[in-house]
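Below: the structure, in structure tokens.
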Amino acid sequence: MKKLVVIGAGMASGRLLEQLFEAAPGEWHVTLFNAEPRGNYNRLMLSPVLSGEKTYEQIVTHDADWYAAHGVDCRFGEPVVRIDRANRAVYSNAGGAPYDALVIATGSAPFIIPVPGRDLPGVVTYRDLEDTNAMIEAGVAGKDAVVIGGGLLGLEAAAGMAARGARVTVVHLMGHLMERQLDPAAGYLLQRDLERRGIKVHCKGATKAILGHGQAEAVLLEDGTVHPADLVCMAVGIRPEVRLANDAHLEVERGIVVDDALRTSDPHIFALGECVEHRGQVFGLVAPLYDQAKVLARTLLGEEAAFRPVQTATKLKVTGCDLFSAGDFAEGEGREDIVFRDPGRGIYKRLVLENDRIVGVVMYGDTADGNWFYGLMKDETDVGEMRDTLIFGPAFQGGAKLDPMAAVAALPPEAEICGCNGVCKGAITDAVLNGATTLEAVRACTKASGSCGTCTGLVEQVMKLTLGDGFVAPAPAGMCKCTDHSHEDVRRLIRSMGLKSIPAVMQELGWKTVGGCHSCRPALNYYLLAEYPLDYRDDRQSRFVNERNHANIQKDGTYSVVPRMWGGVTTPSELRAIADAAEKYAVPMVKVTGGQRIDLLGVKKEDLPHMWADLNAAGLVSGHAYSKGLRTVKTCVGSEFCRFGTQDSTGLGIRLEKLLWGSWTPHKVKLGVSGCPRNCAEATCKDVGVVCVDSGYQISVAGAAGMEVKETEPLATTPSEDEAVEIITAFVQLYREHARYLDRPYKWVAKVGLDWVREQIEDVPTRRALVERFEISQSVYRRDPWAEHSTTTETPKWAPLADLTLEAAE
Amino acid sequence: MTVFIDIGALEDIPRQGARVIRTAQGCVAVFRTMDDRVFALDDRCPHKGGPLSEGIVHGDRVTCPLHNWVFDMNSGTAQGADEGAVRTWPVRVEQGRILISAELVSRPRAA
């Protein structure tokens, strides 16, 4: 077998190997070197990994089995250091490999701007999984991050870090963001959207230095501005990685020079990907790289093939920022613009025409017609006839209905659907007719929507056109292995189908297991009790042990007992009762908690109801320290005693706790009420925090102080305590009705957006309705579970069913 | 031949739940499934000693409450990627009463 050595396991070389093995298995024996200690993964998907929406495992494109099946000798984590052209061999520090043909696919390296401080710890680039993990591990939540570079990569890095709770500033040298893909108007809309999501944008900002002592602390700009930065991400651009080729004396300009067959100046050496230069052009987007892979595979199999770059369209993979750009949109003689603006909805569309042909497309806010314009541009269609209505898209041409399906139906078979992989409509239709009836199957045989994924909806529409009603669009990932339905779907179907029990849900929604699992059962139980507080009966057996036993299980199987202390206030008689209980049941440890109450640790299960009965007798009730529900309301002493206090924070805390206690929520809920901005109750890292000021109450939400630390964000300010209570109640109910089970409020708010939450709460009828629904639920759940489980009929159930050691003794 | 002794009524155990019995050989968890089958397993997860009797019962499986190991109650073997097993004990239901192997009454023989 002929020997092929490939240097670099990126997306281009991965595609090359696929093409090669598919066309002629057994023709080449492949040795694959990669500097990264892993094989091929989908680099376009690094931004979802950074934002936490995906994991590395989900973006792997070729796993160990695939390499093994094709006999690839994987040399991962072994950077090649030398190419010996005379003897046709490459060497890493660990050893060499001879080749008959060599493919250089070393990709690109991030460009580091030569400013002082660029070597400080905390300065990273954003190019591969190491960079991504470095940003994740730096724990950006609550920290300041500066991204230098407002292009595609920089903005994705910024959005990813913002999603992880960082305060992000983007510093961009040019006058508007993504100036290579967007015109100033679209750049402005993008900037506005990013700023609404809390990302600061500083355009015309030239970085002068990165400041810090032993660690990045701030970024200094030429104009004197200083942006604080615990983390600095450089994303100003890339340059082809050509060092190996230079050392081997191959012809190198900006990139490694290749001809149409992707051959370098050495006939046995080829190159593809971001490291090459072809007819003076270098490449950064994936679509032309995949074209190169196709061509090179044919070259290696001795066929005639020539690489011809085509214009590619750009989309930004940042949720909520919908933009599309293709072609050339600089103004010039003979060029005309068609512009559509809808400022209210933040929509901007611009077509640049030359000789009645589209030469450039920029769209922001509504990009549904992007591919149609792009098709007209690529085919150089004469648009003179439809010029008057062109900007309104395909739906307005030829009287077609305003229906996305009709638009897709109108596309010719050669219309490109997937830009990354160059898959046309006809290829998808053929695949479907040949039996690929699921999205996964279509992806497997055509690659359509397999890279960046933004065309998934289009691919599904083509499938639906071909399959008719037989096609069901796939749901997002299922809530657990028992079902393909997502949490959101299950919740929606519980509501719309009127499903009122766990067996009914499992039956009607086609659960794949008998009785579900430890993951879906507690979620279903919660969704049902939240939806039908009066009809549904809480299923104890579907609860995690702590909620079933109303106490926290410890590592040795004993439990902890935490009585409620309203607003952290107690009395001598309560303390006496707690002390008595601790002694009576020989509690090994009594500890003060962070939530201003007392924890009795190490209680045996059979003692629980007895201890509860004793505590109940002194007026103490469950503190729900174990529940996905209201935990504590932490307070400071406020105006009653403190010389700085502005309002009765203790009283408000107690009022809130008496209102909210006993309610079940998707995850635990902690509140804090501080009597003045000194914030002694640490209210601004709680799920809901109130800071009292002279003029009233500042309510903020979505804080965190656990694995992540995050300051709350302002929800509302009100002069009235009653209104503060109403707003907080409505927020808790909104969270109960909408959040996915086990999402804390800060995670949920990040998903739906604080603006949306604010809209619901600010609208008085909506707010009142939320409060009303909360009260209906509380009419069932605002009661002490300890009292219910310490009755004479219930208490025996906490003891062993039988004690055979006694029988043995007899 | 296994000798069985009566430890209580089936109704004493909630469906999809468990009760513990103390025995000379340690605590044993007696489970009742949704369809009224009964299983008896040592109440000690081989991983970190978690009380399986407090786990969520689903089908004929139980999930340990401490770290979510899942066991097949028929065989006592851990499912998925986890490796290990808990001892199972002969148990059956007759006329609404739960009968368990009498070997649990006697102390384990010194090995």
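We label chains A, B, ... in the order they appear in the structure tokens, count residues from 1 in each chain, and number ligands from 1 in the order shown.
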Query raised in the report: Please, which residues of chain A lie no more than 10 Å from chain B when the count uses only C-alpha atoms, and can they be set out as a VMD selection string?
Result: chain A and resid 513 to 519 521 to 522 540 to 546 548 to 549 553 to 558 797 to 809
Report task. Run DSSP on the backbone and give me the residues of chain B it puts in strand (DSSP E), as a PyMOL selection string. Result -> chain B and resi 4-9+17-23+26-32+38-42+56-58+61-63+70-72+88-89+91-94+97-101
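Interatomic distance, CA of Val561 (chain A) to CA of Leu600 (chain A): 5.0 Å.
For the pair CA of Gly160 (chain A) and CA of Ser47 (chain A), the interatomic distance is 6.0 Å.
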